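One file, query-v3.tsv, is given below (TSV, C-alpha atoms).
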chain	number	residue	atom	x	y	z
A	22	MET	CA	-119.54	-4.62	-135.65
A	23	THR	CA	-120.06	-4.90	-131.90
A	24	ILE	CA	-117.84	-2.96	-129.51
A	25	ASN	CA	-117.35	-4.24	-125.98
A	26	ILE	CA	-117.39	-0.89	-124.13
A	27	GLU	CA	-116.03	-2.26	-120.87
A	28	GLN	CA	-113.18	-4.08	-122.60
A	29	VAL	CA	-112.15	-1.11	-124.75
A	30	THR	CA	-112.30	1.22	-121.73
A	31	ARG	CA	-110.09	-1.12	-119.75
A	32	GLN	CA	-107.65	-1.30	-122.66
A	33	CYS	CA	-107.60	2.52	-122.82
A	34	MET	CA	-106.89	2.85	-119.10
A	35	ASP	CA	-104.12	0.24	-119.25
A	36	SER	CA	-102.58	1.91	-122.30
A	37	ILE	CA	-102.76	5.40	-120.73
A	38	ASN	CA	-101.14	4.21	-117.50
A	39	SER	CA	-98.43	2.40	-119.45
A	40	LYS	CA	-97.79	5.40	-121.71
A	41	ILE	CA	-97.44	7.81	-118.78
A	42	LYS	CA	-95.38	5.39	-116.68
A	43	ASN	CA	-92.90	4.99	-119.53
A	44	LEU	CA	-92.39	8.70	-120.25
A	45	LYS	CA	-88.71	9.60	-120.12
A	46	LYS	CA	-87.65	12.02	-117.38
A	47	LEU	CA	-86.86	15.58	-118.48
A	48	ASN	CA	-83.97	17.12	-116.49
A	49	ILE	CA	-83.42	20.89	-116.49
A	50	ILE	CA	-80.83	23.02	-114.69
A	51	ILE	CA	-82.01	26.54	-113.86
A	52	ILE	CA	-79.52	29.29	-112.98
A	53	GLY	CA	-79.99	32.93	-111.96
A	54	LYS	CA	-79.86	35.49	-109.18
A	55	SER	CA	-82.23	35.37	-106.21
A	56	GLY	CA	-85.50	37.10	-107.03
A	57	VAL	CA	-85.11	36.49	-110.75
A	58	GLY	CA	-88.45	34.65	-110.74
A	59	LYS	CA	-87.35	31.05	-111.10
A	60	SER	CA	-90.20	29.57	-109.05
A	61	THR	CA	-92.77	31.73	-110.84
A	62	LEU	CA	-91.38	30.60	-114.19
A	63	ILE	CA	-91.45	26.92	-113.21
A	64	ASN	CA	-94.98	27.06	-111.81
A	65	SER	CA	-96.28	29.01	-114.78
A	66	LEU	CA	-94.76	26.62	-117.29
A	67	PHE	CA	-95.38	23.22	-115.68
A	68	ARG	CA	-98.59	21.74	-114.33
A	69	GLY	CA	-99.17	21.05	-110.64
A	70	ASN	CA	-97.35	24.02	-109.03
A	71	PHE	CA	-94.19	22.00	-109.43
A	72	ALA	CA	-91.76	24.34	-107.64
A	73	GLU	CA	-94.04	24.59	-104.60
A	74	THR	CA	-95.09	20.97	-104.22
A	75	GLY	CA	-91.94	19.22	-105.44
A	76	LEU	CA	-89.50	17.92	-102.87
A	77	GLY	CA	-86.06	19.50	-103.11
A	78	LYS	CA	-83.04	17.57	-101.93
A	79	PRO	CA	-79.38	18.67	-102.01
A	80	VAL	CA	-77.33	16.94	-104.70
A	81	THR	CA	-74.21	19.07	-104.14
A	82	GLN	CA	-73.23	21.75	-101.63
A	83	GLU	CA	-74.85	24.43	-103.76
A	84	ILE	CA	-77.52	22.71	-105.87
A	85	ARG	CA	-80.80	21.01	-105.00
A	86	LYS	CA	-82.93	18.73	-107.13
A	87	ILE	CA	-86.71	19.28	-107.23
A	88	GLU	CA	-88.89	16.37	-108.30
A	89	LYS	CA	-92.23	14.74	-107.56
A	90	GLN	CA	-93.15	11.08	-107.42
A	91	ASP	CA	-94.60	9.73	-110.69
A	92	TYR	CA	-93.89	13.05	-112.46
A	93	PRO	CA	-91.39	12.89	-115.37
A	94	LEU	CA	-89.55	16.12	-114.61
A	95	ALA	CA	-86.60	17.12	-112.42
A	96	ILE	CA	-85.37	20.67	-111.88
A	97	TYR	CA	-81.83	21.29	-110.62
A	98	ASP	CA	-82.04	24.64	-108.83
A	99	THR	CA	-78.85	26.64	-108.26
A	100	PRO	CA	-78.34	29.30	-105.58
A	101	GLY	CA	-78.62	33.00	-106.36
A	102	PHE	CA	-75.77	34.52	-108.30
A	103	GLU	CA	-75.16	37.37	-105.92
A	104	LEU	CA	-72.62	34.92	-104.50
A	105	SER	CA	-68.93	35.55	-104.21
A	106	LYS	CA	-66.69	34.85	-107.20
A	107	SER	CA	-65.38	31.65	-105.59
A	108	GLN	CA	-68.93	30.41	-104.92
A	109	GLN	CA	-69.92	31.15	-108.51
A	110	ASP	CA	-66.94	29.08	-109.66
A	111	ASN	CA	-68.04	26.28	-107.33
A	112	VAL	CA	-71.54	26.34	-108.82
A	113	LYS	CA	-70.09	26.17	-112.33
A	114	ASP	CA	-67.93	23.18	-111.41
A	115	GLU	CA	-70.84	21.41	-109.69
A	116	ILE	CA	-73.12	21.95	-112.71
A	117	LEU	CA	-70.50	20.56	-115.05
A	118	ALA	CA	-70.00	17.57	-112.74
A	119	ILE	CA	-73.76	16.84	-112.81
A	120	ILE	CA	-73.78	17.12	-116.61
A	121	HIS	CA	-70.81	14.77	-117.02
A	122	LYS	CA	-72.25	12.28	-114.54
A	123	GLY	CA	-75.54	12.20	-116.45
A	124	ALA	CA	-73.77	11.76	-119.77
A	125	ALA	CA	-71.63	8.94	-118.39
A	126	ALA	CA	-74.72	7.04	-117.23
A	127	ARG	CA	-75.81	6.62	-120.88
A	128	ASP	CA	-79.41	6.77	-119.68
A	129	ILE	CA	-81.71	9.47	-121.04
A	130	ASN	CA	-83.47	9.61	-117.66
A	131	GLU	CA	-80.22	10.66	-115.96
A	132	ALA	CA	-78.86	13.08	-118.56
A	133	ILE	CA	-79.23	16.86	-118.31
A	134	HIS	CA	-81.28	17.94	-121.32
A	135	CYS	CA	-81.47	21.71	-121.04
A	136	ILE	CA	-80.06	24.66	-119.08
A	137	TRP	CA	-81.98	27.86	-118.42
A	138	TYR	CA	-80.00	30.94	-117.44
A	139	CYS	CA	-82.44	33.56	-116.11
A	140	ILE	CA	-81.81	37.31	-116.15
A	141	ASN	CA	-84.40	39.62	-114.60
A	142	VAL	CA	-85.13	42.49	-117.00
A	143	GLY	CA	-87.13	44.48	-114.45
A	144	ALA	CA	-84.42	44.36	-111.76
A	145	ASN	CA	-81.52	45.31	-114.05
A	146	ARG	CA	-81.01	48.99	-114.74
A	147	THR	CA	-77.85	48.16	-116.62
A	148	PHE	CA	-76.53	45.04	-118.29
A	149	ASP	CA	-74.62	42.85	-115.80
A	150	LEU	CA	-71.37	41.96	-117.58
A	151	SER	CA	-70.28	39.62	-114.75
A	152	GLU	CA	-73.12	37.26	-115.67
A	153	ILE	CA	-72.06	37.30	-119.30
A	154	GLU	CA	-68.49	36.54	-118.30
A	155	TRP	CA	-69.65	33.57	-116.21
A	156	LEU	CA	-71.76	32.34	-119.14
A	157	ARG	CA	-68.87	32.73	-121.56
A	158	ASN	CA	-66.62	30.59	-119.34
A	159	PHE	CA	-69.37	28.06	-118.74
A	160	THR	CA	-70.31	27.65	-122.41
A	161	LYS	CA	-66.69	26.99	-123.31
A	162	GLU	CA	-66.58	24.08	-120.87
A	163	ASN	CA	-70.03	22.90	-121.96
A	164	LYS	CA	-68.85	22.27	-125.53
A	165	VAL	CA	-67.93	18.68	-124.73
A	166	THR	CA	-71.46	17.61	-123.78
A	167	GLN	CA	-73.27	20.40	-125.69
A	168	VAL	CA	-76.27	20.66	-123.39
A	169	PRO	CA	-78.62	23.25	-124.97
A	170	ILE	CA	-78.53	26.59	-123.12
A	171	ILE	CA	-81.42	29.04	-123.27
A	172	ILE	CA	-81.11	32.52	-121.79
A	173	ILE	CA	-84.47	33.56	-120.39
A	174	LEU	CA	-85.16	37.25	-119.77
A	175	THR	CA	-87.69	37.12	-116.94
A	176	GLN	CA	-90.14	39.85	-115.93
A	177	ALA	CA	-89.53	41.19	-119.44
A	178	CYS	CA	-91.58	44.35	-119.07
A	179	PRO	CA	-91.60	46.83	-120.67
A	180	LYS	CA	-91.09	44.90	-123.89
A	181	LYS	CA	-88.92	47.68	-125.34
A	182	LYS	CA	-86.38	47.28	-122.55
A	183	ALA	CA	-86.51	43.48	-122.93
A	184	ALA	CA	-85.86	43.79	-126.67
A	185	GLU	CA	-82.84	46.02	-126.02
A	186	MET	CA	-81.41	43.56	-123.50
A	187	LYS	CA	-82.02	40.68	-125.92
A	188	VAL	CA	-79.94	42.46	-128.56
A	189	LEU	CA	-77.14	43.10	-126.07
A	190	VAL	CA	-76.99	39.44	-125.05
A	191	GLU	CA	-77.06	38.26	-128.67
A	192	LYS	CA	-74.15	40.55	-129.52
A	193	GLU	CA	-71.98	38.59	-127.10
A	194	ASN	CA	-72.09	35.60	-129.51
A	195	LEU	CA	-72.37	33.08	-126.69
A	196	ASP	CA	-72.72	29.38	-127.47
A	197	ILE	CA	-76.45	29.29	-126.70
A	198	ILE	CA	-79.48	28.35	-128.76
A	199	LYS	CA	-81.79	31.30	-128.01
A	200	VAL	CA	-82.55	34.37	-125.92
A	201	VAL	CA	-86.21	34.36	-124.84
A	202	PRO	CA	-87.88	37.40	-123.24
A	203	LEU	CA	-91.01	36.46	-121.29
A	204	LEU	CA	-93.41	37.55	-118.60
A	205	ALA	CA	-94.51	34.43	-116.74
A	206	GLN	CA	-97.56	36.01	-115.08
A	207	ASP	CA	-99.68	39.12	-115.61
A	208	MET	CA	-98.07	42.14	-113.93
A	209	ASP	CA	-100.30	44.76	-112.28
A	210	PHE	CA	-99.00	48.34	-112.12
A	211	ASP	CA	-100.90	50.05	-109.25
A	212	ASP	CA	-104.26	48.96	-110.67
A	213	GLU	CA	-103.74	51.35	-113.58
A	214	TYR	CA	-102.27	48.99	-116.13
A	215	VAL	CA	-101.89	45.23	-116.43
A	216	ALA	CA	-99.07	43.82	-118.54
A	217	LYS	CA	-100.23	40.49	-119.92
A	218	ALA	CA	-98.07	37.39	-119.61
A	219	TYR	CA	-96.30	36.36	-122.80
A	220	GLY	CA	-93.42	34.25	-124.11
A	221	LEU	CA	-94.02	30.92	-122.35
A	222	ASP	CA	-95.37	29.34	-125.53
A	223	LYS	CA	-92.25	30.54	-127.37
A	224	LEU	CA	-90.07	28.83	-124.76
A	225	ILE	CA	-91.99	25.57	-125.25
A	226	ASP	CA	-91.49	25.80	-129.02
A	227	ILE	CA	-87.74	26.36	-128.60
A	228	MET	CA	-87.43	23.45	-126.20
A	229	SER	CA	-89.38	21.24	-128.60
A	230	GLU	CA	-86.72	21.90	-131.22
A	231	ALA	CA	-83.77	21.51	-128.84
A	232	LEU	CA	-84.71	18.38	-126.89
A	233	PRO	CA	-84.18	14.78	-128.02
A	234	VAL	CA	-87.18	13.29	-129.82
A	235	GLU	CA	-87.61	10.77	-126.98
A	236	LEU	CA	-88.62	13.66	-124.71
A	237	MET	CA	-91.27	15.24	-126.91
A	238	TYR	CA	-94.22	13.53	-125.21
A	239	THR	CA	-92.68	14.23	-121.80
A	240	LEU	CA	-92.42	17.95	-122.51
A	241	GLN	CA	-96.01	18.09	-123.72
A	242	ASN	CA	-97.22	16.09	-120.72
A	243	VAL	CA	-95.65	18.37	-118.10
A	244	GLN	CA	-96.10	21.75	-119.79
A	245	LYS	CA	-99.28	23.76	-119.36
A	246	ALA	CA	-98.29	26.95	-121.16
A	247	SER	CA	-99.01	26.12	-124.79
A	248	LEU	CA	-102.29	24.54	-125.86
A	249	GLU	CA	-101.27	24.92	-129.51
A	250	SER	CA	-98.15	22.83	-128.95
A	251	LYS	CA	-100.19	20.08	-127.29
A	252	LYS	CA	-102.66	20.11	-130.18
A	253	LYS	CA	-99.83	19.94	-132.73
A	254	TYR	CA	-98.43	16.75	-131.20
A	255	ALA	CA	-101.91	15.31	-130.68
A	256	GLN	CA	-102.64	15.85	-134.38
A	257	ALA	CA	-99.42	13.99	-135.19
A	258	ALA	CA	-100.65	11.09	-133.04
A	259	ILE	CA	-103.86	11.01	-135.10
A	260	ALA	CA	-101.90	10.99	-138.36
A	261	THR	CA	-99.85	8.01	-137.14
A	262	ALA	CA	-103.00	6.14	-136.10
A	263	VAL	CA	-104.78	6.89	-139.39
A	264	ALA	CA	-101.85	5.53	-141.40
A	265	ALA	CA	-101.93	2.35	-139.32
A	266	SER	CA	-105.72	2.02	-139.49
A	267	PHE	CA	-105.76	2.35	-143.28
A	268	GLY	CA	-103.35	-0.56	-143.54
A	269	GLU	CA	-105.42	-2.56	-141.07
A	270	GLY	CA	-108.61	-1.80	-142.95
A	271	PHE	CA	-106.89	-3.03	-146.11
A	272	ALA	CA	-106.12	-6.43	-144.54
A	273	PRO	CA	-107.45	-9.13	-146.89
A	274	ILE	CA	-109.26	-10.99	-144.10
A	275	PRO	CA	-113.06	-10.68	-144.20
A	276	PHE	CA	-114.71	-9.14	-141.12
A	277	SER	CA	-111.37	-8.62	-139.35
A	278	ASP	CA	-111.32	-4.84	-139.49
A	279	SER	CA	-112.98	-3.88	-136.21
A	280	ALA	CA	-110.88	-6.24	-134.09
A	281	MET	CA	-107.68	-4.94	-135.69
A	282	LEU	CA	-108.65	-1.26	-135.48
A	283	VAL	CA	-109.42	-1.05	-131.77
A	284	PRO	CA	-105.80	-1.44	-130.54
A	285	THR	CA	-104.70	1.36	-132.90
A	286	GLN	CA	-107.44	3.68	-131.66
A	287	VAL	CA	-106.73	2.77	-128.04
A	288	THR	CA	-103.05	3.68	-128.52
A	289	MET	CA	-104.06	6.97	-130.14
A	290	ILE	CA	-106.32	7.89	-127.22
A	291	ALA	CA	-103.59	6.97	-124.73
A	292	THR	CA	-101.02	9.09	-126.58
A	293	ILE	CA	-103.31	12.13	-126.72
A	294	THR	CA	-104.12	11.74	-123.02
A	295	ALA	CA	-100.41	11.63	-122.15
A	296	ILE	CA	-99.80	14.76	-124.26
A	297	PHE	CA	-102.50	16.77	-122.48
A	298	GLY	CA	-101.39	15.60	-119.02
A	299	LEU	CA	-104.94	15.52	-117.67
A	300	ASP	CA	-106.27	13.12	-115.05
A	301	ILE	CA	-108.76	10.94	-116.89
A	302	SER	CA	-110.98	8.49	-115.02
A	303	LYS	CA	-112.39	5.17	-116.14
A	304	SER	CA	-115.93	6.62	-115.92
A	305	PHE	CA	-115.02	9.39	-118.32
A	306	LEU	CA	-113.45	6.97	-120.79
A	307	THR	CA	-116.50	4.69	-120.59
A	308	GLY	CA	-118.68	7.64	-121.52
A	309	PHE	CA	-116.39	8.68	-124.36
A	310	VAL	CA	-116.08	5.19	-125.87
A	311	SER	CA	-119.81	4.50	-125.69
A	312	SER	CA	-120.60	7.92	-127.22
A	313	THR	CA	-118.20	7.50	-130.14
A	314	ILE	CA	-116.92	4.18	-131.45
A	315	GLY	CA	-119.55	2.37	-129.37
A	316	SER	CA	-122.29	4.03	-131.41
A	317	ALA	CA	-120.68	4.88	-134.73
A	318	GLY	CA	-124.01	4.70	-136.50
A	319	ALA	CA	-125.56	2.78	-139.37
A	320	THR	CA	-123.59	4.63	-142.04
A	321	ILE	CA	-120.19	3.58	-140.75
A	322	LEU	CA	-121.35	0.07	-139.95
A	323	GLY	CA	-122.90	-0.20	-143.38
A	324	LYS	CA	-119.68	0.85	-145.12
A	325	THR	CA	-117.72	-1.70	-143.12
A	326	ILE	CA	-120.15	-4.53	-143.97
A	327	VAL	CA	-120.17	-3.65	-147.68
A	328	SER	CA	-116.38	-3.56	-147.68
A	329	ASN	CA	-116.09	-6.96	-146.03
A	330	LEU	CA	-118.62	-8.51	-148.43
A	331	LEU	CA	-116.61	-7.19	-151.38
A	332	LYS	CA	-113.53	-8.88	-149.95
A	333	LEU	CA	-115.27	-12.22	-150.34
A	334	ILE	CA	-115.63	-11.79	-154.11
A	335	PRO	CA	-112.85	-13.70	-155.95
A	336	GLY	CA	-110.30	-11.65	-157.93
A	337	ILE	CA	-111.15	-7.97	-157.61
A	338	GLY	CA	-112.98	-8.35	-154.33
A	339	THR	CA	-109.98	-8.00	-152.02
A	340	ALA	CA	-108.58	-4.88	-153.69
A	341	ALA	CA	-111.93	-3.10	-154.07
A	342	GLY	CA	-113.07	-3.99	-150.59
A	343	GLY	CA	-109.71	-3.07	-149.14
A	344	VAL	CA	-109.80	0.41	-150.61
A	345	ILE	CA	-113.25	1.17	-149.23
A	346	SER	CA	-112.48	-0.41	-145.88
A	347	GLY	CA	-109.17	1.41	-145.57
A	348	ALA	CA	-110.86	4.74	-146.22
A	349	THR	CA	-113.58	3.89	-143.70
A	350	ALA	CA	-111.01	2.92	-141.09
A	351	GLY	CA	-109.13	6.19	-141.62
A	352	LEU	CA	-112.33	8.23	-141.44
A	353	LEU	CA	-113.43	6.58	-138.22
A	354	THR	CA	-110.00	6.94	-136.58
A	355	THR	CA	-109.65	10.59	-137.63
A	356	ALA	CA	-113.09	11.52	-136.34
A	357	LEU	CA	-112.44	9.73	-133.07
A	358	GLY	CA	-109.08	11.46	-132.57
A	359	GLU	CA	-110.38	14.93	-133.49
A	360	THR	CA	-113.32	14.52	-131.11
A	361	TYR	CA	-111.03	13.44	-128.29
A	362	ILE	CA	-108.73	16.44	-128.86
A	363	LYS	CA	-111.72	18.79	-128.71
A	364	VAL	CA	-112.90	17.26	-125.44
A	365	MET	CA	-109.36	17.48	-123.99
A	366	GLU	CA	-109.15	21.12	-125.10
A	367	LEU	CA	-112.41	22.03	-123.36
A	368	ILE	CA	-111.23	20.39	-120.13
A	369	TYR	CA	-107.79	22.04	-120.46
A	370	LYS	CA	-109.41	25.48	-120.81
A	371	GLY	CA	-111.69	24.86	-117.85
A	372	GLU	CA	-114.75	25.18	-120.08
A	373	LEU	CA	-115.77	21.61	-119.30
A	374	ASP	CA	-115.39	19.44	-116.23
A	375	SER	CA	-114.68	15.78	-116.89
A	376	GLU	CA	-117.43	15.05	-114.35
A	377	ASP	CA	-119.93	16.69	-116.74
A	378	LEU	CA	-119.32	13.96	-119.28
A	379	TYR	CA	-120.50	11.09	-117.09
A	380	ASN	CA	-124.17	11.96	-117.43
A	381	GLU	CA	-126.55	11.61	-120.35
A	382	THR	CA	-126.26	15.28	-121.34
A	383	GLY	CA	-122.48	15.08	-121.55
A	384	GLN	CA	-122.52	11.85	-123.51
A	385	THR	CA	-125.03	13.30	-125.95
A	386	LYS	CA	-122.71	16.26	-126.44
A	387	MET	CA	-119.75	13.96	-127.20
A	388	LYS	CA	-121.85	11.90	-129.60
A	389	LYS	CA	-122.85	15.03	-131.51
A	390	MET	CA	-119.22	16.17	-131.65
A	391	PHE	CA	-118.21	12.78	-133.04
A	392	GLN	CA	-121.00	12.75	-135.63
A	393	LYS	CA	-120.03	16.26	-136.71
A	394	GLU	CA	-116.41	15.12	-137.22
A	395	LEU	CA	-117.65	12.14	-139.25
A	396	GLN	CA	-119.66	14.45	-141.50
A	397	LYS	CA	-116.58	16.66	-142.05
A	398	LYS	CA	-114.40	13.72	-143.07
A	399	ARG	CA	-116.78	12.14	-145.61

Starting from the file, lay out its structure as structure tokens.
Amino acid sequence: MTINIEQVTRQCMDSINSKIKNLKKLNIIIIGKSGVGKSTLINSLFRGNFAETGLGKPVTQEIRKIEKQDYPLAIYDTPGFELSKSQQDNVKDEILAIIHKGAAARDINEAIHCIWYCINVGANRTFDLSEIEWLRNFTKENKVTQVPIIIILTQACPKKKAAEMKVLVEKENLDIIKVVPLLAQDMDFDDEYVAKAYGLDKLIDIMSEALPVELMYTLQNVQKASLESKKKYAQAAIATAVAASFGEGFAPIPFSDSAMLVPTQVTMIATITAIFGLDISKSFLTGFVSSTIGSAGATILGKTIVSNLLKLIPGIGTAAGGVISGATAGLLTTALGETYIKVMELIYKGELDSEDLYNETGQTKMKKMFQKELQKKR
């Protein structure tokens, strides 16, 4: 089995670019008073300092849309809710108009997929009933389109106060899907105590359940708050590829396995890359491919050859060979996917620079990781 490293790398790059280009756009409306921490929340949750670097343009008198070129996310930012009653009513009407316009387009890229209503725990000595009243009126009118609404308790510190406010909001029985207390960034109290950030991963989990399935890869691509969520969806991509590779390895065509497997593995790598949302270069992919499937080793090659020879035997040959080859294909695909996730995780955590993997030391490290995964799967 000979792997053309350059060809596979090119296929990976093309597949990654196609996968990312075709991600559906996630559209979120965010509502709350000035100083509630909307920008901090956005920048803590999404990669690339989105709220700072995105270009905001007015879409109504009161609402602006923040988006970046070639980035599958748009945030509709509303003005602070210390507005007059008439302005608050205007904002409500404008939000509903945007929602209905998106629904009428019958295009998932134009629809509003989620609404965040932010309440600042730290700035509220008492519970603001006027906000609840606005929400109650809004949720009644939202029943037609049923856009998921999440109430986010920002700067939720101390946690005891946040928990009390959460209970108060839940008692109102509003038509929402969840109340989420969170602290988007660590909070320093006069250098004496640091409250650690929490809750962003919970928000990602809730959104994963609430959003359409077509937006799952988009959410994972743009979010940077939950490594576990990224790994969960990356593992699912491996499972899909393994199921396909087993069937391909079972194909009753002698010596066809390697040619059929590569597209499946390329798609898997592209999907995992899109999930992690990392910038991956051709040089890095060349190093990864040559260190893994480009040098799978005599054991894997030997199993593949034996399997293909068995396929040539009349009668039982196809079935027996297919079983061995299918298992081999699944083993190879699983090991490749698990290795790639581990490399992505190291880069995500900042424990490894993708530049480190271009040299011989980095490639040796990837090869060892791949061989270790192969040993685990046998």

Calculate how many Å separate atom CA of A:Gly351 from atom CA of A:Met365, rounding to one decimal.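 Distance reported for this atom pair: 20.9 Å.
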
Please, which residues in stretch 108-143 of chain A fall within 9 Å of stretch 224-239 of chain A when counting all atoms listed in the file, and what is the closest atom pair and distance in Å to one decimal for each, ordered by chain then residue number, as a Markdown table?
| residue | atom | partner | partner_atom | distance |
| --- | --- | --- | --- | --- |
| A:Ile129 | CA | A:Glu235 | CA | 8.5 |
| A:His134 | CA | A:Leu232 | CA | 6.6 |
| A:Cys135 | CA | A:Leu232 | CA | 7.5 |

Quick one: 3 Å padding each side, axis-aligned, all listed atoms of stretch 215-220 of chain A - centre and edge lengths in Å to one decimal, as lines of an AutoDock Vina configuration file?
center_x = -97.7
center_y = 39.7
center_z = -120.3
size_x = 14.5
size_y = 17.0
size_z = 13.7

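When all atoms listed in the file are used to measure the gap to A:Leu240, the shortest distance among A:Leu62, A:Ile84, A:Ile171, A:Leu94 belongs to A:Leu94.
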
A:Ile368: which residues within 12 Å, counting all atoms listed in the file, same-chain residues fewer than 3 positions away excluded, as a PDB file with C-alpha atoms, keeping the file's coordinate frame?
ATOM      1  CA  LEU A 248    -102.290  24.540-125.860  1.00  0.00           C
ATOM      2  CA  THR A 294    -104.120  11.740-123.020  1.00  0.00           C
ATOM      3  CA  PHE A 297    -102.500  16.770-122.480  1.00  0.00           C
ATOM      4  CA  GLY A 298    -101.390  15.600-119.020  1.00  0.00           C
ATOM      5  CA  LEU A 299    -104.940  15.520-117.670  1.00  0.00           C
ATOM      6  CA  ASP A 300    -106.270  13.120-115.050  1.00  0.00           C
ATOM      7  CA  ILE A 301    -108.760  10.940-116.890  1.00  0.00           C
ATOM      8  CA  PHE A 305    -115.020   9.390-118.320  1.00  0.00           C
ATOM      9  CA  TYR A 361    -111.030  13.440-128.290  1.00  0.00           C
ATOM     10  CA  ILE A 362    -108.730  16.440-128.860  1.00  0.00           C
ATOM     11  CA  LYS A 363    -111.720  18.790-128.710  1.00  0.00           C
ATOM     12  CA  VAL A 364    -112.900  17.260-125.440  1.00  0.00           C
ATOM     13  CA  MET A 365    -109.360  17.480-123.990  1.00  0.00           C
ATOM     14  CA  GLY A 371    -111.690  24.860-117.850  1.00  0.00           C
ATOM     15  CA  GLU A 372    -114.750  25.180-120.080  1.00  0.00           C
ATOM     16  CA  LEU A 373    -115.770  21.610-119.300  1.00  0.00           C
ATOM     17  CA  ASP A 374    -115.390  19.440-116.230  1.00  0.00           C
ATOM     18  CA  SER A 375    -114.680  15.780-116.890  1.00  0.00           C
ATOM     19  CA  GLU A 376    -117.430  15.050-114.350  1.00  0.00           C
ATOM     20  CA  ASP A 377    -119.930  16.690-116.740  1.00  0.00           C
ATOM     21  CA  LEU A 378    -119.320  13.960-119.280  1.00  0.00           C
TER      22      LEU A 378
END

How many Å lie between atom CA of A:Lys122 and atom CA of A:Asn43, rounded to one decimal?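 So the two atoms, atom CA of A:Lys122 and atom CA of A:Asn43, lie 22.5 Å apart.
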
With distances taken over all atoms listed in the file, which residue among A:Ala291, A:Val283, A:Ile52, A:Leu66 lies nearest A:Tyr219? A:Leu66

Just the residues within 8 Å of A:Asn48, please, counting only C-alpha atoms, with nothing from its chain fewer than 5 positions along; format it as a PyMOL selection string. chain A and resi 94-97+130-135

What's around A:Ile293 at 12 Å? Count all atoms listed in the file, leave out sequence neighbours fewer than 4 positions away in its own chain, and write the answer as number ranges by chain. A: 33, 36-37, 40-41, 238-239, 241-242, 251-262, 286-289, 297-299, 301, 357-366

Distance of atom CA of A:Leu174 from atom CA of A:Met186, expressed in Å to one decimal place: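 Between atom CA of A:Met186 and atom CA of A:Leu174 the gap works out to 8.2 Å.
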